[in-house]
Amino acid sequence: MTREGEERLDGGWLRVKVPLPFALRYVNSYLIPDDDGWTLVDPGLRTPDAEGLWLDVLRRCGIHAADIRAIVLTHQHPDHIGLAGWFQERSGAPVYMSERAYAYAMRLWGPGRTFTAELQALYRENGLPRGMEEALAEHLESFVAMVSPLPEPVFIQGGGTIGIGGQVWEILDTPGHADGHLCFWQRESRIMLCGDQVLPGITPNISLVPGAEPGVLARYLHSLAELETFETILAYPGHRDPFRCMRDRIGEIRAHHVRRLAAMEEMLAEPLTGYEVCMRLFGERVQGSLHNLRFAMSETLAHLEHLAGEGRAASARGADGILRWRFC
Ligand SMILES: [Zn+2]
């Protein structure tokens, strides 16, 4: 870091580590200059700490709100979209994101939102203990303030292009980590803005959640195979440090999922609920953190769904309404 909060990268880019109140600690935002001003990629979760950091960074770097000409979102997770509306109010900049990502954000945090009740029902039939449902609802509601106001979007989609930093970037549909996730590829310099689809050091969360298209892990693995065809020499991720040789990292992530699926198949020699599988896989790592439990539970369900899709496991509903899984 040249100064607290921001780091100067090649091409005059600024990387800002925006703090998060979770285990991940920070999300990477990128400020990319061109002749007209700056493009802001994934501004971070809205918290008082994050707002304070941004005001400091902008002041130190001599960037006025009106200098931000475009805000680009890789996906709608709160740690990426959270400050988009806050920045849009100050800058008047368009917020570019996919239509699917925006629809998903509205189901989670928009008026008449239905996601919390749907997630409770999904987890209930997969064995989440009753007493945890209300705490889960409170936890989900706590995010509303951290993503408000939601931005007014301009929709972009895979197959199109967008100008960032005076260069043309190809927009890639990359589902799996989030419905409607986009990556951005600069062909001449072979650089990828990859959001959370491929991360160094940690495996991106793959979650089964209500309302997502079926086969989330299958779609993720398919997307990785597509990303592997790009000769990316430098990738700018949503978390951790920029990394080289994206293909190598994709290979490691794929191997992780193969191992995880095999371990789960072995576990299912006895009938287990999704929650029981989750506890065996993640156990202590999720104790005391609803945030971590939610990620672990949805990740487990995504893998169970994948095993079912491959004919390697099946679930049956008991008289208590709970699904129990077994290998087949
Ligand atoms: Zn994410």
# chains A, B, ... in the order shown; residues from 1 in each chain; ligands from 1
>>> residues_around(residues="A:Glu152", least_positions_apart="6", cutoff="10 Å", atoms="only C-alpha atoms", output="MDAnalysis selection string")
chainID A and resid 84:85 88:89 93:97 102
>>> write_last_selection(atoms="N, CA and C atoms", output="mmCIF file, in the first residue's frame")
data_model
loop_
_atom_site.group_PDB
_atom_site.id
_atom_site.type_symbol
_atom_site.label_atom_id
_atom_site.label_comp_id
_atom_site.auth_asym_id
_atom_site.auth_seq_id
_atom_site.Cartn_x
_atom_site.Cartn_y
_atom_site.Cartn_z
ATOM 1 N N ALA A 84 -22.961 1.172 -4.136
ATOM 2 C CA ALA A 84 -23.198 1.646 -5.515
ATOM 3 C C ALA A 84 -24.203 2.795 -5.537
ATOM 4 N N GLY A 85 -25.297 2.649 -4.779
ATOM 5 C CA GLY A 85 -26.300 3.716 -4.752
ATOM 6 C C GLY A 85 -25.767 4.974 -4.072
ATOM 7 N N GLN A 88 -23.635 6.612 -6.542
ATOM 8 C CA GLN A 88 -24.438 7.154 -7.645
ATOM 9 C C GLN A 88 -25.101 8.469 -7.232
ATOM 10 N N GLU A 89 -25.572 8.528 -5.989
ATOM 11 C CA GLU A 89 -26.183 9.772 -5.499
ATOM 12 C C GLU A 89 -25.193 10.929 -5.549
ATOM 13 N N ALA A 93 -23.298 9.072 -11.659
ATOM 14 C CA ALA A 93 -22.779 8.128 -12.665
ATOM 15 C C ALA A 93 -23.756 6.977 -12.903
ATOM 16 N N PRO A 94 -23.786 6.466 -14.132
ATOM 17 C CA PRO A 94 -24.575 5.260 -14.381
ATOM 18 C C PRO A 94 -23.965 4.058 -13.652
ATOM 19 N N VAL A 95 -24.813 3.145 -13.200
ATOM 20 C CA VAL A 95 -24.346 1.903 -12.561
ATOM 21 C C VAL A 95 -24.647 0.754 -13.524
ATOM 22 N N TYR A 96 -23.594 0.148 -14.056
ATOM 23 C CA TYR A 96 -23.738 -0.926 -15.026
ATOM 24 C C TYR A 96 -23.697 -2.278 -14.316
ATOM 25 N N MET A 97 -24.703 -3.101 -14.575
ATOM 26 C CA MET A 97 -24.753 -4.451 -13.981
ATOM 27 C C MET A 97 -25.678 -5.303 -14.835
ATOM 28 N N TYR A 102 -29.506 -7.590 -10.910
ATOM 29 C CA TYR A 102 -30.383 -6.569 -10.318
ATOM 30 C C TYR A 102 -31.689 -7.207 -9.818
#
>>> residues_around(residues="stretch 158-170 of chain A", least_positions_apart="6", cutoff="12 Å", atoms="only C-alpha atoms", output="number ranges by chain")
A: 10-14, 30-41, 68-72, 74, 96-100, 180-194, 230
>>> select_by_dssp(residues="stretch 10-207 of chain A", states="strand (DSSP E)", output="PyMOL selection string")
chain A and resi 14-19+26-34+37-41+68-72+95-97+153-155+161-164+167-173+182-186+191-195
>>> write_last_selection(atoms="C-alpha atoms", output="PDB file, in the first residue's frame")
ATOM      1  CA  LEU A  14      -6.107   2.410  -7.841  1.00  0.00           C
ATOM      2  CA  ARG A  15      -6.988  -0.629  -5.789  1.00  0.00           C
ATOM      3  CA  VAL A  16      -8.917   0.213  -2.621  1.00  0.00           C
ATOM      4  CA  LYS A  17      -9.326  -2.432   0.063  1.00  0.00           C
ATOM      5  CA  VAL A  18     -12.759  -1.609   1.445  1.00  0.00           C
ATOM      6  CA  PRO A  19     -13.243  -3.062   4.957  1.00  0.00           C
ATOM      7  CA  TYR A  26     -12.026  -6.542   2.787  1.00  0.00           C
ATOM      8  CA  VAL A  27     -13.304  -6.378  -0.771  1.00  0.00           C
ATOM      9  CA  ASN A  28     -11.213  -4.992  -3.640  1.00  0.00           C
ATOM     10  CA  SER A  29     -12.569  -1.941  -5.403  1.00  0.00           C
ATOM     11  CA  TYR A  30     -10.793  -0.706  -8.496  1.00  0.00           C
ATOM     12  CA  LEU A  31     -10.682   2.880  -9.726  1.00  0.00           C
ATOM     13  CA  ILE A  32      -9.603   3.007 -13.355  1.00  0.00           C
ATOM     14  CA  PRO A  33      -8.728   6.339 -15.003  1.00  0.00           C
ATOM     15  CA  ASP A  34      -9.333   7.570 -18.514  1.00  0.00           C
ATOM     16  CA  GLY A  37     -12.501  10.696 -15.219  1.00  0.00           C
ATOM     17  CA  TRP A  38     -12.719   7.379 -13.424  1.00  0.00           C
ATOM     18  CA  THR A  39     -14.580   4.080 -13.635  1.00  0.00           C
ATOM     19  CA  LEU A  40     -15.313   2.519 -10.246  1.00  0.00           C
ATOM     20  CA  VAL A  41     -15.587  -1.269 -10.115  1.00  0.00           C
ATOM     21  CA  ILE A  68     -16.517   9.190 -11.283  1.00  0.00           C
ATOM     22  CA  ARG A  69     -18.121   8.682 -14.678  1.00  0.00           C
ATOM     23  CA  ALA A  70     -19.213   5.064 -14.435  1.00  0.00           C
ATOM     24  CA  ILE A  71     -19.786   2.442 -11.747  1.00  0.00           C
ATOM     25  CA  VAL A  72     -19.463  -1.178 -12.864  1.00  0.00           C
ATOM     26  CA  VAL A  95     -24.346   1.903 -12.561  1.00  0.00           C
ATOM     27  CA  TYR A  96     -23.738  -0.926 -15.026  1.00  0.00           C
ATOM     28  CA  MET A  97     -24.753  -4.451 -13.981  1.00  0.00           C
ATOM     29  CA  PRO A 153     -29.068   0.335 -12.985  1.00  0.00           C
ATOM     30  CA  VAL A 154     -28.163   0.353 -16.647  1.00  0.00           C
ATOM     31  CA  PHE A 155     -28.174  -3.254 -17.811  1.00  0.00           C
ATOM     32  CA  THR A 161     -18.516  -4.643 -24.642  1.00  0.00           C
ATOM     33  CA  ILE A 162     -17.910  -1.727 -22.291  1.00  0.00           C
ATOM     34  CA  GLY A 163     -15.302   1.035 -22.339  1.00  0.00           C
ATOM     35  CA  ILE A 164     -13.156   1.152 -19.205  1.00  0.00           C
ATOM     36  CA  GLN A 167      -9.953   0.403 -23.627  1.00  0.00           C
ATOM     37  CA  VAL A 168     -12.665  -1.922 -24.887  1.00  0.00           C
ATOM     38  CA  TRP A 169     -13.542  -4.718 -22.462  1.00  0.00           C
ATOM     39  CA  GLU A 170     -15.579  -7.766 -23.431  1.00  0.00           C
ATOM     40  CA  ILE A 171     -18.415  -8.644 -21.071  1.00  0.00           C
ATOM     41  CA  LEU A 172     -18.588 -12.334 -20.105  1.00  0.00           C
ATOM     42  CA  ASP A 173     -21.585 -14.072 -18.520  1.00  0.00           C
ATOM     43  CA  LEU A 182     -20.119 -10.834 -15.048  1.00  0.00           C
ATOM     44  CA  CYS A 183     -16.392 -10.853 -15.749  1.00  0.00           C
ATOM     45  CA  PHE A 184     -14.647  -8.289 -17.964  1.00  0.00           C
ATOM     46  CA  TRP A 185     -11.881  -9.249 -20.377  1.00  0.00           C
ATOM     47  CA  GLN A 186      -9.364  -6.938 -22.055  1.00  0.00           C
ATOM     48  CA  ILE A 191      -6.323  -8.858 -18.259  1.00  0.00           C
ATOM     49  CA  MET A 192      -9.496 -10.086 -16.537  1.00  0.00           C
ATOM     50  CA  LEU A 193     -11.615  -8.314 -13.955  1.00  0.00           C
ATOM     51  CA  CYS A 194     -12.964 -11.520 -12.463  1.00  0.00           C
ATOM     52  CA  GLY A 195     -15.090 -10.444  -9.487  1.00  0.00           C
TER      53      GLY A 195
END
>>> select_by_dssp(residues="stretch 87-144 of chain A", states="alpha helix (DSSP H)", output="count of residues only")
37
>>> closest_atom_pairs(of="chain A", to="ligand 1", cutoff="7 Å", atoms="only C-alpha atoms and all ligand atoms", output="tab-separated table")
residue	atom	partner	partner_atom_place_in_ligand_line	distance
A:His75	CA	ligand 1	1 (Zn)	6.7
A:His77	CA	ligand 1	1 (Zn)	4.9
A:His177	CA	ligand 1	1 (Zn)	6.4
A:Ala178	CA	ligand 1	1 (Zn)	6.5
A:Asp196	CA	ligand 1	1 (Zn)	5.1
>>> write_last_selection(atoms="C-alpha atoms", output="short mmCIF file (atom, residue, chain, number, x, y, z; two decimals), in the first residue's frame")
data_model
loop_
_atom_site.label_atom_id
_atom_site.label_comp_id
_atom_site.auth_asym_id
_atom_site.auth_seq_id
_atom_site.Cartn_x
_atom_site.Cartn_y
_atom_site.Cartn_z
CA HIS A 75 -22.32 -9.00 -9.19
CA HIS A 77 -23.49 -9.57 -3.41
CA HIS A 177 -20.82 -17.71 -7.68
CA ALA A 178 -23.80 -15.39 -8.17
CA ASP A 196 -15.57 -13.42 -7.17
#
>>> closest_residue(among="A:Ala121, A:Leu272, A:Leu227, A:Ile250", to="A:Leu136", atoms="only C-alpha atoms")
A:Ala121
>>> atom_distance(atom1="atom CA of A:Ile206", atom2="atom CA of A:Glu231")
24.0 Å
>>> residues_around(residues="A:Ile253", least_positions_apart="5", cutoff="9 Å", atoms="only C-alpha atoms", output="list in words")
Val198, Leu199, Ile202, Thr203, Pro204, Leu224, Asp248 and Val258 of chain A
>>> write_last_selection(atoms="N, CA, C and O atoms", output="PDB file, in the first residue's frame")
ATOM      1  N   VAL A 198     -13.410 -16.334  -9.744  1.00  0.00           N
ATOM      2  CA  VAL A 198     -12.156 -17.062  -9.492  1.00  0.00           C
ATOM      3  C   VAL A 198     -11.369 -16.233  -8.482  1.00  0.00           C
ATOM      4  O   VAL A 198     -11.115 -15.056  -8.727  1.00  0.00           O
ATOM      5  N   LEU A 199     -11.024 -16.843  -7.357  1.00  0.00           N
ATOM      6  CA  LEU A 199     -10.298 -16.117  -6.311  1.00  0.00           C
ATOM      7  C   LEU A 199      -9.010 -16.871  -5.970  1.00  0.00           C
ATOM      8  O   LEU A 199      -8.995 -18.103  -5.996  1.00  0.00           O
ATOM      9  N   ILE A 202      -8.639 -18.737  -1.715  1.00  0.00           N
ATOM     10  CA  ILE A 202      -9.910 -19.223  -1.167  1.00  0.00           C
ATOM     11  C   ILE A 202     -10.795 -19.646  -2.331  1.00  0.00           C
ATOM     12  O   ILE A 202     -10.687 -19.093  -3.429  1.00  0.00           O
ATOM     13  N   THR A 203     -11.657 -20.645  -2.063  1.00  0.00           N
ATOM     14  CA  THR A 203     -12.543 -21.075  -3.147  1.00  0.00           C
ATOM     15  C   THR A 203     -13.816 -20.242  -3.094  1.00  0.00           C
ATOM     16  O   THR A 203     -14.400 -20.071  -2.021  1.00  0.00           O
ATOM     17  N   PRO A 204     -14.235 -19.690  -4.223  1.00  0.00           N
ATOM     18  CA  PRO A 204     -15.456 -18.884  -4.233  1.00  0.00           C
ATOM     19  C   PRO A 204     -16.641 -19.711  -3.730  1.00  0.00           C
ATOM     20  O   PRO A 204     -16.756 -20.900  -4.022  1.00  0.00           O
ATOM     21  N   LEU A 224     -16.221 -22.068 -15.456  1.00  0.00           N
ATOM     22  CA  LEU A 224     -14.761 -22.181 -15.286  1.00  0.00           C
ATOM     23  C   LEU A 224     -14.114 -22.722 -16.568  1.00  0.00           C
ATOM     24  O   LEU A 224     -13.048 -22.247 -16.979  1.00  0.00           O
ATOM     25  N   ASP A 248      -4.190 -21.854 -13.981  1.00  0.00           N
ATOM     26  CA  ASP A 248      -3.707 -22.719 -12.891  1.00  0.00           C
ATOM     27  C   ASP A 248      -4.674 -22.674 -11.721  1.00  0.00           C
ATOM     28  O   ASP A 248      -4.982 -23.692 -11.105  1.00  0.00           O
ATOM     29  N   VAL A 258     -14.165 -31.523  -6.973  1.00  0.00           N
ATOM     30  CA  VAL A 258     -14.170 -32.975  -7.202  1.00  0.00           C
ATOM     31  C   VAL A 258     -13.944 -33.706  -5.874  1.00  0.00           C
ATOM     32  O   VAL A 258     -14.636 -34.668  -5.534  1.00  0.00           O
TER      33      VAL A 258
END
>>> residues_around(residues="A:Arg317", least_positions_apart="3", cutoff="12 Å", atoms="only C-alpha atoms", output="ChimeraX atom specification")
/A:125-127,271-274,314,320-326
>>> decode(residues="stretch 72-90 of chain A", atoms="N, CA and C atoms", output="PDB file, in the first residue's frame")
ATOM      1  N   VAL A  72     -19.265   0.130 -12.235  1.00  0.00           N
ATOM      2  CA  VAL A  72     -19.463  -1.178 -12.864  1.00  0.00           C
ATOM      3  C   VAL A  72     -19.489  -2.236 -11.772  1.00  0.00           C
ATOM      4  N   LEU A  73     -20.492  -3.108 -11.804  1.00  0.00           N
ATOM      5  CA  LEU A  73     -20.609  -4.163 -10.788  1.00  0.00           C
ATOM      6  C   LEU A  73     -20.414  -5.529 -11.431  1.00  0.00           C
ATOM      7  N   THR A  74     -19.552  -6.346 -10.827  1.00  0.00           N
ATOM      8  CA  THR A  74     -19.415  -7.725 -11.296  1.00  0.00           C
ATOM      9  C   THR A  74     -20.622  -8.551 -10.870  1.00  0.00           C
ATOM     10  N   HIS A  75     -21.140  -8.278  -9.663  1.00  0.00           N
ATOM     11  CA  HIS A  75     -22.324  -9.004  -9.192  1.00  0.00           C
ATOM     12  C   HIS A  75     -22.952  -8.276  -8.018  1.00  0.00           C
ATOM     13  N   GLN A  76     -24.078  -8.853  -7.545  1.00  0.00           N
ATOM     14  CA  GLN A  76     -24.940  -8.124  -6.613  1.00  0.00           C
ATOM     15  C   GLN A  76     -24.717  -8.481  -5.153  1.00  0.00           C
ATOM     16  N   HIS A  77     -23.698  -9.264  -4.824  1.00  0.00           N
ATOM     17  CA  HIS A  77     -23.491  -9.568  -3.406  1.00  0.00           C
ATOM     18  C   HIS A  77     -23.261  -8.256  -2.647  1.00  0.00           C
ATOM     19  N   PRO A  78     -23.738  -8.211  -1.380  1.00  0.00           N
ATOM     20  CA  PRO A  78     -23.747  -6.926  -0.676  1.00  0.00           C
ATOM     21  C   PRO A  78     -22.372  -6.287  -0.542  1.00  0.00           C
ATOM     22  N   ASP A  79     -21.319  -7.105  -0.454  1.00  0.00           N
ATOM     23  CA  ASP A  79     -19.977  -6.526  -0.314  1.00  0.00           C
ATOM     24  C   ASP A  79     -19.482  -5.909  -1.624  1.00  0.00           C
ATOM     25  N   HIS A  80     -20.229  -6.062  -2.704  1.00  0.00           N
ATOM     26  CA  HIS A  80     -19.862  -5.458  -3.987  1.00  0.00           C
ATOM     27  C   HIS A  80     -20.820  -4.323  -4.363  1.00  0.00           C
ATOM     28  N   ILE A  81     -22.132  -4.557  -4.180  1.00  0.00           N
ATOM     29  CA  ILE A  81     -23.137  -3.580  -4.614  1.00  0.00           C
ATOM     30  C   ILE A  81     -23.399  -2.515  -3.552  1.00  0.00           C
ATOM     31  N   GLY A  82     -23.048  -2.813  -2.282  1.00  0.00           N
ATOM     32  CA  GLY A  82     -23.516  -2.023  -1.147  1.00  0.00           C
ATOM     33  C   GLY A  82     -23.429  -0.510  -1.301  1.00  0.00           C
ATOM     34  N   LEU A  83     -22.289  -0.019  -1.767  1.00  0.00           N
ATOM     35  CA  LEU A  83     -22.092   1.437  -1.852  1.00  0.00           C
ATOM     36  C   LEU A  83     -22.414   2.003  -3.240  1.00  0.00           C
ATOM     37  N   ALA A  84     -22.961   1.172  -4.136  1.00  0.00           N
ATOM     38  CA  ALA A  84     -23.198   1.646  -5.515  1.00  0.00           C
ATOM     39  C   ALA A  84     -24.203   2.795  -5.537  1.00  0.00           C
ATOM     40  N   GLY A  85     -25.297   2.649  -4.779  1.00  0.00           N
ATOM     41  CA  GLY A  85     -26.300   3.716  -4.752  1.00  0.00           C
ATOM     42  C   GLY A  85     -25.767   4.974  -4.072  1.00  0.00           C
ATOM     43  N   TRP A  86     -24.969   4.781  -3.038  1.00  0.00           N
ATOM     44  CA  TRP A  86     -24.343   5.905  -2.307  1.00  0.00           C
ATOM     45  C   TRP A  86     -23.442   6.702  -3.247  1.00  0.00           C
ATOM     46  N   PHE A  87     -22.631   5.986  -4.041  1.00  0.00           N
ATOM     47  CA  PHE A  87     -21.757   6.661  -5.007  1.00  0.00           C
ATOM     48  C   PHE A  87     -22.573   7.287  -6.138  1.00  0.00           C
ATOM     49  N   GLN A  88     -23.635   6.612  -6.542  1.00  0.00           N
ATOM     50  CA  GLN A  88     -24.438   7.154  -7.645  1.00  0.00           C
ATOM     51  C   GLN A  88     -25.101   8.469  -7.232  1.00  0.00           C
ATOM     52  N   GLU A  89     -25.572   8.528  -5.989  1.00  0.00           N
ATOM     53  CA  GLU A  89     -26.183   9.772  -5.499  1.00  0.00           C
ATOM     54  C   GLU A  89     -25.193  10.929  -5.549  1.00  0.00           C
ATOM     55  N   ARG A  90     -23.931  10.653  -5.242  1.00  0.00           N
ATOM     56  CA  ARG A  90     -22.929  11.717  -5.192  1.00  0.00           C
ATOM     57  C   ARG A  90     -22.364  12.084  -6.564  1.00  0.00           C
TER      58      ARG A  90
END
